[in-house]
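**Q** The structure is given below, and queries will be raised subsequently.
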Amino acid sequence: MSLRNDAFKLGALAVAISMAVTGCGSDSDNDPDPQPQMERLTRIATLPLGAEATGLFLKEDGEVFTNIQHPSDANVTQDADGNTYSLATVGVIEGADVNEPFESVSVPETDEEKQVMRVALGRYNVLGQQGKDWGGAPEPSGLGAINVKDGSATIRVSNDPDFNGWIPVSENEGYLFTNWEDRPGGMSRLHLMRDQDGRWTVQDNDASMVDFSAVNGTWVNCFGTVSPWNTPLTSEELYFDDTIDWNNENYPYYGQAQDLADYLAGEINTDYNATFPNPYDYGYIVEITDPTGAPTPVKHFTLGRYSHENAVVMPDQKTVYMSDDGGGVILFKFVADAAGDLSSGTLYAAAVQQDTVPMDAAQAGFDIEWVELASGNNAEIEGWVDEYDGITPNDYTEGANSYISQQQIDDWAESKLGEDLDNSGDVAANPFGDDRVAFLESRKAAVALGATGEFNKMEGINVNIERAKASVEGDGPQAYVYVAMSDISGAMTDSEGLVQLTNEDANCGGVFRMPLGANYDVARLEMVELGGPYQPEDAANTCSVDGLSGPDNVAVMNDGRVLIGEDTGGHENNMVWLLDPEG
């Protein structure tokens with residue numbers, strides 16, 4: 001029997017003894033140190049006005065990294081340490097263990113309370129705010145600066161910190177990697193030491209922005225995870241569904257492609273036709289190798305191109321589950337050929353069957369079958385990507401496509417399945433003679449092969465590695481992969497397709513889970529906590545402050561409880577929660 005399971009049984013025995021003593025007449029009033037009674041949902045933090053809770057990362061000692069993304073610039077109130085929260089902030093809830101019982105922090109009521117970061121336990125330590133430098137670093141322009149490829153000029157200073165990934169060196173030292181969710185994207189690294197007062201501080205001005213020039217930069221670095229072999233995995237949230245418009249000067253997002261052209265050129269307001277970016281260079285999981293030395297990015301084209309919220313690697317170091325943010329999106333899976341190496345393997349997409357149609361979102365359940373898209377490796381796929389280099393706005397023609405067309409995707413799917421999908425009378429030939437469609441237009445390829453593209457705002461996906469390993473490889477309790485959806489609407493709540501959910505509380509989003517089975521496979525997706533109640537008559541809080549609204553980041557604790565950060569307009573102040581799924 002594993003030590004992990006021994007600890008679990010000893011814990012259960014302690015609870016049983018405690019209950020027996022209570023039954024014999026114990027009175028909590030006589031307890032010199034009564035423990036707070038935890039609820040199913042316990043509020044850990046309330047954020048300043050305008051801010052989203054991002055970057056949830058649970059350290060082994062129970063401290064929690066969490067960021068303050070894009071707060072209101074009208075926030076002027078100082079907290080006890082003299083911090084104001086009008087700037088994006090990277091920080092940590094320290095000096096307390098979130099695994100221990102604590103009482104919820106209250107909902108802010110006064111203007112002063114609404115403008116600061118309030119926590120239920122410990123203290124919130126501001127590690128850095130946007131634009132901050134330490135002895136000139138990062139340079140130029142400080143923390144969150146999105147600089148051109150050679151670092152000679154700044155495109156902007158981002159106010160959107162997201163994923164935090166902690167790489168410990170010792171109990172009192174480590175490196176914190178933080179995504180900056182912008183276009184182009186960025187990632188900072190802070191070398192942190194714990195001082196004699198227990199506060200984490202930047203060591204010897206060691207603060208930098210990761211150099212992504214070797215991979216042509218990044219795009220909208222969103223949430224992420226740390227791999228089982230201790231490398232940060234940052235996610236490119238593409239948010240560009242129609243590649244056909246990438247080089248269309250009249251498309252609303254064209255200016256963001258121009259910023260990428262500036263990045264590649266090394267100057268602001270460059271000749272965009274000279275350095276116009278290749279859209280197929282963006283939309284992947286990027287691994288940061290050598291994180292405590294010279295951080296080196298590796299783009300894993302193998303995991304597909306779409307709006308990656310994040311990817312989480314299972315304890316077998318081969319199986320990866322990935323969430324796709326946006327509307328009409330897909331749940332993906334990847335299985336690597338070799339453990340600890342994401343550079344080659346097979347990409348899958350989920351086809352789901354809802355238990356009943358329609359169905360109350362609060363009881364939502366789906367069976368999952370995995371549709372194989374293709375197998376490939378980074379070098380092969382990068383060669384396909386390079387074939388689209390050099391395409392510029394000068395090549396755009398209204399109604400034409402400079403990139404992979406829908407017809408080519410459909411023909412590829414017919415060839416792959418050997419079926420006449422469009423009832424044209426014959427089966428089309430593969431227009432490329434390869435599987436580039438699966439990796440470069442993954443979402444459309446998945447739907448063409450029969451995967452379900454009806455999910456909405458699929459956010460953070462995560463697992464507890466220790467609990468997962470004990471469940472699958474030992475005799476530990478059932479473990480789950482958790483995935484948040486911040487807004488259950490659109491194709492999920494219409495009266496068409498395979499997914500048809502009801503219940504107006506779905507407007508507040510919800511958190512699902514997938515039980516892990518043999519070989520770290522999942523075959524089931526179930527609602528575990530629906531947000532709300534939905535109360536549209538309350539303009540400030542259209543979702544009840546006693547429930548979730550817009551759940552986004554998730555982190556899973558050793559005992560199976562789940563940390564949840566919000567990205568919502570449904571709460572006046574976004575919140576961080578602790579969910580007990582069995583509570």
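Identifiers for the structure tokens are assigned positionally: chains receive A, B, ... in sequence, residues are indexed from 1 per chain, and ligands are indexed from 1 in the order shown.
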Give me, as a CSV table (one decimal) with all heavy atoms, in the first residue's frame, the residues of segment 363-560 of chain A that a backbone DSSP run labels helix (DSSP H, G or I).

**A**
chain,number,residue,atom,x,y,z
A,363,GLN,N,-27.2,19.5,-14.0
A,363,GLN,CA,-26.9,18.0,-14.0
A,363,GLN,C,-26.3,17.6,-15.3
A,363,GLN,O,-26.3,16.4,-15.6
A,363,GLN,CB,-28.3,17.3,-13.9
A,363,GLN,CG,-28.8,17.2,-12.4
A,363,GLN,CD,-29.5,18.5,-12.0
A,363,GLN,OE1,-30.3,19.0,-12.8
A,363,GLN,NE2,-29.2,19.0,-10.8
A,378,ASN,N,7.2,17.7,-34.5
A,378,ASN,CA,7.4,19.2,-34.6
A,378,ASN,C,8.1,19.6,-35.9
A,378,ASN,O,7.7,20.5,-36.6
A,378,ASN,CB,8.2,19.7,-33.4
A,378,ASN,CG,7.4,19.9,-32.2
A,378,ASN,OD1,6.1,20.0,-32.2
A,378,ASN,ND2,8.0,20.0,-31.0
A,379,ALA,N,9.2,18.8,-36.2
A,379,ALA,CA,10.0,19.2,-37.4
A,379,ALA,C,9.1,19.1,-38.7
A,379,ALA,O,9.2,20.0,-39.6
A,379,ALA,CB,11.2,18.3,-37.5
A,380,GLU,N,8.4,18.0,-38.8
A,380,GLU,CA,7.5,17.8,-40.0
A,380,GLU,C,6.5,18.9,-40.1
A,380,GLU,O,6.3,19.5,-41.2
A,380,GLU,CB,6.9,16.5,-39.9
A,380,GLU,CG,5.9,16.1,-41.1
A,380,GLU,CD,5.2,14.8,-40.9
A,380,GLU,OE1,5.0,14.4,-39.7
A,380,GLU,OE2,5.0,14.1,-41.9
A,381,ILE,N,5.8,19.2,-39.0
A,381,ILE,CA,4.7,20.2,-39.0
A,381,ILE,C,5.3,21.6,-39.3
A,381,ILE,O,4.7,22.4,-40.0
A,381,ILE,CB,3.9,20.2,-37.7
A,381,ILE,CG1,3.3,18.8,-37.5
A,381,ILE,CG2,2.8,21.2,-37.7
A,381,ILE,CD1,2.8,18.5,-36.1
A,382,GLU,N,6.4,21.9,-38.7
A,382,GLU,CA,7.1,23.2,-38.9
A,382,GLU,C,7.4,23.4,-40.4
A,382,GLU,O,7.3,24.5,-40.9
A,382,GLU,CB,8.3,23.4,-38.1
A,382,GLU,CG,8.9,24.8,-38.1
A,382,GLU,CD,10.0,25.0,-37.1
A,382,GLU,OE1,10.6,24.0,-36.6
A,382,GLU,OE2,10.3,26.2,-36.8
A,383,GLY,N,7.8,22.3,-41.1
A,383,GLY,CA,8.0,22.4,-42.5
A,383,GLY,C,6.8,22.8,-43.3
A,383,GLY,O,6.8,23.6,-44.2
A,384,TRP,N,5.6,22.3,-42.8
A,384,TRP,CA,4.4,22.7,-43.5
A,384,TRP,C,4.1,24.2,-43.2
A,384,TRP,O,3.6,24.9,-44.1
A,384,TRP,CB,3.2,21.8,-43.0
A,384,TRP,CG,3.4,20.3,-43.3
A,384,TRP,CD1,4.1,19.8,-44.4
A,384,TRP,CD2,2.9,19.3,-42.6
A,384,TRP,NE1,4.0,18.4,-44.3
A,384,TRP,CE2,3.3,18.1,-43.2
A,384,TRP,CE3,2.1,19.1,-41.4
A,384,TRP,CZ2,2.9,16.8,-42.7
A,384,TRP,CZ3,1.7,17.9,-40.9
A,384,TRP,CH2,2.2,16.7,-41.6
A,385,VAL,N,4.3,24.6,-41.9
A,385,VAL,CA,4.1,26.0,-41.6
A,385,VAL,C,4.9,26.9,-42.5
A,385,VAL,O,4.4,27.9,-43.0
A,385,VAL,CB,4.5,26.2,-40.1
A,385,VAL,CG1,4.5,27.7,-39.8
A,385,VAL,CG2,3.5,25.5,-39.2
A,386,ASP,N,6.1,26.5,-42.7
A,386,ASP,CA,7.1,27.4,-43.5
A,386,ASP,C,6.6,27.6,-44.9
A,386,ASP,O,7.0,28.6,-45.5
A,386,ASP,CB,8.5,26.8,-43.4
A,386,ASP,CG,9.1,26.9,-42.1
A,386,ASP,OD1,8.6,27.6,-41.2
A,386,ASP,OD2,10.1,26.2,-41.9
A,393,PRO,N,-0.3,41.3,-47.0
A,393,PRO,CA,-1.6,41.9,-47.4
A,393,PRO,C,-1.7,42.1,-48.9
A,393,PRO,O,-2.8,42.2,-49.4
A,393,PRO,CB,-1.6,43.2,-46.6
A,393,PRO,CG,-0.8,42.9,-45.4
A,393,PRO,CD,0.3,42.0,-45.9
A,394,ASN,N,-0.6,42.3,-49.6
A,394,ASN,CA,-0.6,42.4,-51.0
A,394,ASN,C,-1.2,41.2,-51.8
A,394,ASN,O,-1.6,41.3,-52.9
A,394,ASN,CB,0.8,42.7,-51.6
A,394,ASN,CG,1.2,44.1,-51.3
A,394,ASN,OD1,0.4,45.0,-51.0
A,394,ASN,ND2,2.6,44.3,-51.3
A,395,ASP,N,-1.2,40.1,-51.1
A,395,ASP,CA,-1.7,38.8,-51.7
A,395,ASP,C,-3.2,38.6,-51.4
A,395,ASP,O,-3.7,37.7,-52.0
A,395,ASP,CB,-0.9,37.6,-51.1
A,395,ASP,CG,0.6,37.7,-51.5
A,395,ASP,OD1,0.9,37.8,-52.7
A,395,ASP,OD2,1.4,37.7,-50.5
A,406,GLN,N,-11.5,26.1,-46.5
A,406,GLN,CA,-12.5,25.2,-46.0
A,406,GLN,C,-12.7,24.0,-47.0
A,406,GLN,O,-12.8,22.9,-46.5
A,406,GLN,CB,-13.8,25.9,-45.8
A,406,GLN,CG,-14.9,25.0,-45.1
A,406,GLN,CD,-14.5,24.6,-43.7
A,406,GLN,OE1,-14.1,25.4,-42.9
A,406,GLN,NE2,-14.5,23.3,-43.5
A,407,GLN,N,-12.6,24.3,-48.3
A,407,GLN,CA,-12.8,23.2,-49.2
A,407,GLN,C,-11.6,22.2,-49.1
A,407,GLN,O,-11.8,21.0,-49.2
A,407,GLN,CB,-12.8,23.7,-50.7
A,407,GLN,CG,-13.1,22.7,-51.7
A,407,GLN,CD,-14.5,22.0,-51.5
A,407,GLN,OE1,-15.5,22.7,-51.5
A,407,GLN,NE2,-14.5,20.7,-51.4
A,408,GLN,N,-10.4,22.7,-48.9
A,408,GLN,CA,-9.3,21.8,-48.7
A,408,GLN,C,-9.4,21.0,-47.4
A,408,GLN,O,-9.1,19.8,-47.4
A,408,GLN,CB,-8.0,22.6,-48.7
A,408,GLN,CG,-7.6,23.2,-50.0
A,408,GLN,CD,-6.4,24.1,-50.0
A,408,GLN,OE1,-6.3,24.9,-49.0
A,408,GLN,NE2,-5.5,24.0,-50.9
A,409,ILE,N,-10.0,21.6,-46.4
A,409,ILE,CA,-10.2,20.9,-45.1
A,409,ILE,C,-11.2,19.8,-45.3
A,409,ILE,O,-11.0,18.6,-44.9
A,409,ILE,CB,-10.7,21.9,-44.0
A,409,ILE,CG1,-9.6,22.9,-43.7
A,409,ILE,CG2,-11.2,21.1,-42.8
A,409,ILE,CD1,-10.0,24.0,-42.8
A,410,ASP,N,-12.3,20.1,-46.0
A,410,ASP,CA,-13.4,19.1,-46.3
A,410,ASP,C,-12.8,18.0,-47.2
A,410,ASP,O,-13.2,16.8,-46.9
A,410,ASP,CB,-14.6,19.8,-47.0
A,410,ASP,CG,-15.3,20.8,-46.1
A,410,ASP,OD1,-15.1,20.7,-44.8
A,410,ASP,OD2,-16.0,21.6,-46.6
A,411,ASP,N,-12.0,18.3,-48.2
A,411,ASP,CA,-11.5,17.3,-49.0
A,411,ASP,C,-10.5,16.4,-48.3
A,411,ASP,O,-10.5,15.1,-48.4
A,411,ASP,CB,-10.8,17.9,-50.2
A,411,ASP,CG,-11.7,18.5,-51.2
A,411,ASP,OD1,-12.9,18.3,-51.1
A,411,ASP,OD2,-11.2,19.3,-52.1
A,412,TRP,N,-9.7,17.0,-47.4
A,412,TRP,CA,-8.8,16.2,-46.5
A,412,TRP,C,-9.6,15.2,-45.7
A,412,TRP,O,-9.2,14.1,-45.5
A,412,TRP,CB,-8.0,17.1,-45.7
A,412,TRP,CG,-7.2,16.5,-44.6
A,412,TRP,CD1,-6.0,15.8,-44.6
A,412,TRP,CD2,-7.7,16.3,-43.2
A,412,TRP,NE1,-5.7,15.3,-43.4
A,412,TRP,CE2,-6.7,15.6,-42.5
A,412,TRP,CE3,-8.8,16.8,-42.5
A,412,TRP,CZ2,-6.7,15.3,-41.2
A,412,TRP,CZ3,-8.9,16.5,-41.1
A,412,TRP,CH2,-7.9,15.8,-40.5
A,413,ALA,N,-10.7,15.7,-45.1
A,413,ALA,CA,-11.5,14.9,-44.2
A,413,ALA,C,-12.2,13.7,-45.0
A,413,ALA,O,-12.2,12.6,-44.5
A,413,ALA,CB,-12.6,15.7,-43.5
A,414,GLU,N,-12.7,14.0,-46.2
A,414,GLU,CA,-13.2,12.9,-47.0
A,414,GLU,C,-12.1,11.8,-47.3
A,414,GLU,O,-12.4,10.6,-47.2
A,414,GLU,CB,-13.7,13.5,-48.4
A,414,GLU,CG,-15.1,14.2,-48.2
A,414,GLU,CD,-15.8,14.3,-49.6
A,414,GLU,OE1,-15.2,13.9,-50.6
A,414,GLU,OE2,-16.9,14.8,-49.6
A,415,SER,N,-11.0,12.3,-47.7
A,415,SER,CA,-9.9,11.4,-47.9
A,415,SER,C,-9.5,10.6,-46.7
A,415,SER,O,-9.3,9.4,-46.8
A,415,SER,CB,-8.7,12.1,-48.5
A,415,SER,OG,-7.5,11.3,-48.6
A,416,LYS,N,-9.5,11.2,-45.6
A,416,LYS,CA,-9.1,10.6,-44.3
A,416,LYS,C,-10.1,9.5,-43.9
A,416,LYS,O,-9.7,8.4,-43.5
A,416,LYS,CB,-9.0,11.7,-43.2
A,416,LYS,CG,-8.5,11.2,-41.9
A,416,LYS,CD,-7.0,11.4,-41.9
A,416,LYS,CE,-6.4,11.1,-40.5
A,416,LYS,NZ,-4.9,11.1,-40.5
A,417,LEU,N,-11.4,9.8,-44.1
A,417,LEU,CA,-12.5,8.9,-43.7
A,417,LEU,C,-12.8,7.9,-44.8
A,417,LEU,O,-13.5,6.9,-44.5
A,417,LEU,CB,-13.7,9.7,-43.2
A,417,LEU,CG,-13.5,10.6,-42.0
A,417,LEU,CD1,-14.8,11.4,-41.8
A,417,LEU,CD2,-13.2,9.8,-40.8
A,436,ARG,N,-1.3,18.1,-42.7
A,436,ARG,CA,-1.1,19.4,-42.1
A,436,ARG,C,-2.4,20.1,-41.6
A,436,ARG,O,-2.4,20.9,-40.7
A,436,ARG,CB,-0.5,20.3,-43.2
A,436,ARG,CG,-1.5,20.7,-44.4
A,436,ARG,CD,-0.8,21.5,-45.4
A,436,ARG,NE,0.3,20.8,-46.1
A,436,ARG,CZ,1.2,21.4,-46.8
A,436,ARG,NH1,1.1,22.6,-47.1
A,436,ARG,NH2,2.2,20.6,-47.4
A,437,VAL,N,-3.6,19.7,-42.2
A,437,VAL,CA,-4.9,20.3,-41.8
A,437,VAL,C,-5.1,20.0,-40.3
A,437,VAL,O,-5.6,20.9,-39.6
A,437,VAL,CB,-6.0,19.7,-42.7
A,437,VAL,CG1,-7.4,20.1,-42.1
A,437,VAL,CG2,-5.9,20.2,-44.1
A,438,ALA,N,-4.8,18.8,-39.9
A,438,ALA,CA,-5.0,18.4,-38.5
A,438,ALA,C,-4.3,19.3,-37.5
A,438,ALA,O,-4.8,19.6,-36.4
A,438,ALA,CB,-4.6,17.0,-38.2
A,439,PHE,N,-3.1,19.8,-37.8
A,439,PHE,CA,-2.3,20.6,-36.9
A,439,PHE,C,-2.3,22.1,-37.2
A,439,PHE,O,-2.1,22.8,-36.2
A,439,PHE,CB,-0.8,20.1,-37.0
A,439,PHE,CG,-0.7,18.6,-36.7
A,439,PHE,CD1,-0.6,17.6,-37.7
A,439,PHE,CD2,-0.7,18.2,-35.4
A,439,PHE,CE1,-0.4,16.3,-37.4
A,439,PHE,CE2,-0.5,16.9,-35.0
A,439,PHE,CZ,-0.4,15.9,-36.0
A,440,LEU,N,-2.7,22.5,-38.4
A,440,LEU,CA,-2.7,23.9,-38.7
A,440,LEU,C,-4.1,24.5,-38.6
A,440,LEU,O,-4.2,25.8,-38.4
A,440,LEU,CB,-2.0,24.2,-40.0
A,440,LEU,CG,-0.6,23.6,-40.3
A,440,LEU,CD1,-0.1,24.2,-41.6
A,440,LEU,CD2,0.3,23.9,-39.1
A,442,SER,N,-6.7,23.0,-36.6
A,442,SER,CA,-7.2,21.8,-35.8
A,442,SER,C,-8.7,21.8,-35.5
A,442,SER,O,-9.3,20.8,-35.5
A,442,SER,CB,-6.4,21.8,-34.5
A,442,SER,OG,-5.0,21.8,-34.8
A,443,ARG,N,-9.2,23.0,-35.2
A,443,ARG,CA,-10.6,23.1,-34.8
A,443,ARG,C,-11.5,22.7,-36.0
A,443,ARG,O,-12.4,21.8,-35.8
A,443,ARG,CB,-11.0,24.5,-34.3
A,443,ARG,CG,-12.3,24.6,-33.7
A,443,ARG,CD,-12.6,26.0,-33.3
A,443,ARG,NE,-11.8,26.5,-32.2
A,443,ARG,CZ,-11.7,27.8,-31.9
A,443,ARG,NH1,-12.4,28.7,-32.6
A,443,ARG,NH2,-10.9,28.2,-30.9
A,444,LYS,N,-11.3,23.2,-37.1
A,444,LYS,CA,-12.1,22.9,-38.3
A,444,LYS,C,-11.8,21.4,-38.8
A,444,LYS,O,-12.8,20.8,-39.2
A,444,LYS,CB,-11.7,23.8,-39.5
A,444,LYS,CG,-12.2,25.3,-39.2
A,444,LYS,CD,-11.8,26.2,-40.3
A,444,LYS,CE,-12.3,27.6,-40.1
A,444,LYS,NZ,-11.9,28.6,-41.2
A,445,ALA,N,-10.6,21.0,-38.6
A,445,ALA,CA,-10.3,19.6,-39.0
A,445,ALA,C,-11.1,18.6,-38.1
A,445,ALA,O,-11.6,17.6,-38.5
A,445,ALA,CB,-8.8,19.3,-38.9
A,446,ALA,N,-11.1,18.9,-36.8
A,446,ALA,CA,-11.8,18.1,-35.8
A,446,ALA,C,-13.3,18.0,-36.1
A,446,ALA,O,-13.8,16.9,-36.1
A,446,ALA,CB,-11.6,18.6,-34.4
A,447,VAL,N,-13.9,19.1,-36.4
A,447,VAL,CA,-15.3,19.1,-36.7
A,447,VAL,C,-15.6,18.3,-38.0
A,447,VAL,O,-16.6,17.5,-38.1
A,447,VAL,CB,-15.9,20.5,-36.8
A,447,VAL,CG1,-17.3,20.5,-37.4
A,447,VAL,CG2,-15.8,21.2,-35.5
A,448,ALA,N,-14.7,18.5,-39.0
A,448,ALA,CA,-14.9,17.7,-40.2
A,448,ALA,C,-14.8,16.2,-40.0
A,448,ALA,O,-15.5,15.5,-40.8
A,448,ALA,CB,-13.8,18.2,-41.2
A,465,ILE,N,-1.4,16.2,-9.8
A,465,ILE,CA,-0.6,15.1,-10.2
A,465,ILE,C,-0.5,14.0,-9.2
A,465,ILE,O,-0.6,12.8,-9.6
A,465,ILE,CB,0.9,15.6,-10.6
A,465,ILE,CG1,0.8,16.6,-11.7
A,465,ILE,CG2,1.8,14.5,-10.8
A,465,ILE,CD1,0.4,16.0,-13.0
A,466,GLU,N,-0.3,14.3,-8.0
A,466,GLU,CA,-0.1,13.2,-6.9
A,466,GLU,C,-1.4,12.4,-6.8
A,466,GLU,O,-1.4,11.2,-6.8
A,466,GLU,CB,0.2,13.8,-5.6
A,466,GLU,CG,1.6,14.4,-5.5
A,466,GLU,CD,1.9,14.9,-4.1
A,466,GLU,OE1,1.2,14.5,-3.1
A,466,GLU,OE2,2.9,15.7,-4.0
A,467,ARG,N,-2.5,13.1,-6.8
A,467,ARG,CA,-3.8,12.4,-6.6
A,467,ARG,C,-4.1,11.6,-7.9
A,467,ARG,O,-4.7,10.5,-7.8
A,467,ARG,CB,-4.9,13.5,-6.4
A,467,ARG,CG,-6.3,12.9,-5.9
A,467,ARG,CD,-7.2,14.0,-5.6
A,467,ARG,NE,-8.5,13.6,-5.2
A,467,ARG,CZ,-8.8,13.2,-3.9
A,467,ARG,NH1,-7.9,13.3,-3.0
A,467,ARG,NH2,-10.0,12.8,-3.6
A,468,ALA,N,-3.8,12.1,-9.1
A,468,ALA,CA,-4.1,11.4,-10.3
A,468,ALA,C,-3.2,10.1,-10.4
A,468,ALA,O,-3.7,9.0,-10.7
A,468,ALA,CB,-3.7,12.3,-11.5
A,469,LYS,N,-2.0,10.2,-10.0
A,469,LYS,CA,-1.1,9.0,-10.0
A,469,LYS,C,-1.6,7.9,-9.0
A,469,LYS,O,-1.6,6.7,-9.4
A,469,LYS,CB,0.3,9.4,-9.7
A,469,LYS,CG,1.3,8.2,-9.9
A,469,LYS,CD,2.7,8.7,-9.8
A,469,LYS,CE,3.7,7.5,-10.1
A,469,LYS,NZ,5.1,8.0,-10.1
A,470,ALA,N,-2.0,8.4,-7.8
A,470,ALA,CA,-2.5,7.4,-6.8
A,470,ALA,C,-3.8,6.7,-7.3
A,470,ALA,O,-4.0,5.6,-7.0
A,470,ALA,CB,-2.7,8.1,-5.5
A,471,SER,N,-4.6,7.5,-8.0
A,471,SER,CA,-5.9,7.0,-8.5
A,471,SER,C,-5.7,6.0,-9.6
A,471,SER,O,-6.3,4.9,-9.6
A,471,SER,CB,-6.8,8.1,-8.9
A,471,SER,OG,-8.0,7.7,-9.5
A,472,VAL,N,-4.8,6.3,-10.6
A,472,VAL,CA,-4.7,5.5,-11.8
A,472,VAL,C,-3.7,4.3,-11.6
A,472,VAL,O,-4.0,3.2,-12.0
A,472,VAL,CB,-4.3,6.3,-13.0
A,472,VAL,CG1,-4.0,5.5,-14.2
A,472,VAL,CG2,-5.4,7.4,-13.3
A,473,GLU,N,-2.6,4.6,-10.9
A,473,GLU,CA,-1.6,3.6,-10.7
A,473,GLU,C,-1.5,2.9,-9.4
A,473,GLU,O,-0.8,1.9,-9.2
A,473,GLU,CB,-0.2,4.2,-11.0
A,473,GLU,CG,-0.1,4.9,-12.4
A,473,GLU,CD,1.2,5.5,-12.7
A,473,GLU,OE1,2.2,5.0,-12.1
A,473,GLU,OE2,1.3,6.5,-13.5
A,490,GLY,N,-24.4,30.4,-26.2
A,490,GLY,CA,-24.2,30.1,-27.6
A,490,GLY,C,-24.6,28.7,-28.0
A,490,GLY,O,-25.8,28.3,-27.7
A,491,ALA,N,-23.7,27.9,-28.6
A,491,ALA,CA,-24.1,26.6,-29.1
A,491,ALA,C,-24.4,25.6,-28.0
A,491,ALA,O,-24.9,24.5,-28.3
A,491,ALA,CB,-23.0,26.1,-30.0
A,492,MET,N,-24.0,26.0,-26.8
A,492,MET,CA,-24.3,25.0,-25.7
A,492,MET,C,-25.8,25.1,-25.2
A,492,MET,O,-26.3,24.2,-24.6
A,492,MET,CB,-23.4,25.3,-24.5
A,492,MET,CG,-21.9,25.0,-24.8
A,492,MET,SD,-20.8,25.1,-23.3
A,492,MET,CE,-21.3,23.6,-22.4
A,504,GLU,N,-31.0,29.2,-16.6
A,504,GLU,CA,-30.5,30.5,-16.8
A,504,GLU,C,-29.2,30.7,-16.0
A,504,GLU,O,-28.4,31.6,-16.3
A,504,GLU,CB,-31.5,31.6,-16.5
A,504,GLU,CG,-32.0,31.6,-15.1
A,504,GLU,CD,-33.0,32.7,-14.9
A,504,GLU,OE1,-33.4,33.4,-15.9
A,504,GLU,OE2,-33.4,32.9,-13.7
A,505,ASP,N,-29.0,29.9,-14.9
A,505,ASP,CA,-27.8,30.0,-14.2
A,505,ASP,C,-26.5,29.7,-15.0
A,505,ASP,O,-25.4,30.1,-14.6
A,505,ASP,CB,-27.8,29.1,-13.0
A,505,ASP,CG,-28.8,29.5,-11.9
A,505,ASP,OD1,-29.3,30.7,-12.0
A,505,ASP,OD2,-29.2,28.7,-11.0
A,506,ALA,N,-26.7,29.1,-16.2
A,506,ALA,CA,-25.6,28.8,-17.0
A,506,ALA,C,-24.9,30.0,-17.5
A,506,ALA,O,-23.8,30.0,-17.9
A,506,ALA,CB,-26.1,27.9,-18.2
A,507,ASN,N,-25.6,31.2,-17.5
A,507,ASN,CA,-25.0,32.5,-17.9
A,507,ASN,C,-23.8,32.8,-17.0
A,507,ASN,O,-23.0,33.6,-17.3
A,507,ASN,CB,-26.1,33.6,-17.8
A,507,ASN,CG,-27.1,33.5,-18.9
A,507,ASN,OD1,-26.8,33.8,-20.0
A,507,ASN,ND2,-28.3,33.1,-18.5
A,508,CYS,N,-23.8,32.2,-15.8
A,508,CYS,CA,-22.7,32.4,-14.8
A,508,CYS,C,-21.6,31.5,-15.0
A,508,CYS,O,-20.6,31.5,-14.2
A,508,CYS,CB,-23.3,32.4,-13.4
A,508,CYS,SG,-24.6,33.6,-13.1
A,518,ALA,N,-8.2,4.1,-16.7
A,518,ALA,CA,-7.0,3.4,-17.0
A,518,ALA,C,-6.2,4.1,-18.1
A,518,ALA,O,-6.8,4.7,-19.0
A,518,ALA,CB,-7.3,1.9,-17.5
A,519,ASN,N,-4.9,4.1,-17.9
A,519,ASN,CA,-4.0,4.8,-18.9
A,519,ASN,C,-4.3,6.3,-19.0
A,519,ASN,O,-4.0,6.9,-20.0
A,519,ASN,CB,-4.1,4.1,-20.3
A,519,ASN,CG,-3.8,2.6,-20.2
A,519,ASN,OD1,-2.8,2.2,-19.7
A,519,ASN,ND2,-4.6,1.8,-20.9
A,520,TYR,N,-4.9,6.8,-17.9
A,520,TYR,CA,-5.1,8.3,-17.9
A,520,TYR,C,-6.1,8.7,-18.9
A,520,TYR,O,-6.1,9.9,-19.4
A,520,TYR,CB,-3.8,9.1,-17.9
A,520,TYR,CG,-3.0,8.8,-16.7
A,520,TYR,CD1,-1.9,7.9,-16.7
A,520,TYR,CD2,-3.2,9.5,-15.5
A,520,TYR,CE1,-1.2,7.6,-15.6
A,520,TYR,CE2,-2.5,9.2,-14.4
A,520,TYR,CZ,-1.5,8.3,-14.4
A,520,TYR,OH,-0.7,8.0,-13.3

**Q** Quick one: residues within 12 Å of Val220 of chain A, only C-alpha atoms counted, chain neighbours fewer than 2 positions away excluded, as a PyMOL selection string?

**A** chain A and resi 146+158+160-163+179-187+217-218+222-224+234-240+256-257+260+282-286+306-310+325

**Q** Give me the residues within 10 Å of Glu60 of chain A as a ChimeraX atom specification, counting only C-alpha atoms and dropping any in the same chain fewer than 3 places off.

**A** /A:57,63-64,97,99,168,171,557-558

**Q** Name the closest residue to Gly569 of chain A among the candidates A:Gly399, A:Ala153, A:Val554, A:Pro536; distances are taken between atoms, counting only C-alpha atoms.

**A**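 Selected residue with least distance to Gly569 of chain A: A:Pro536.
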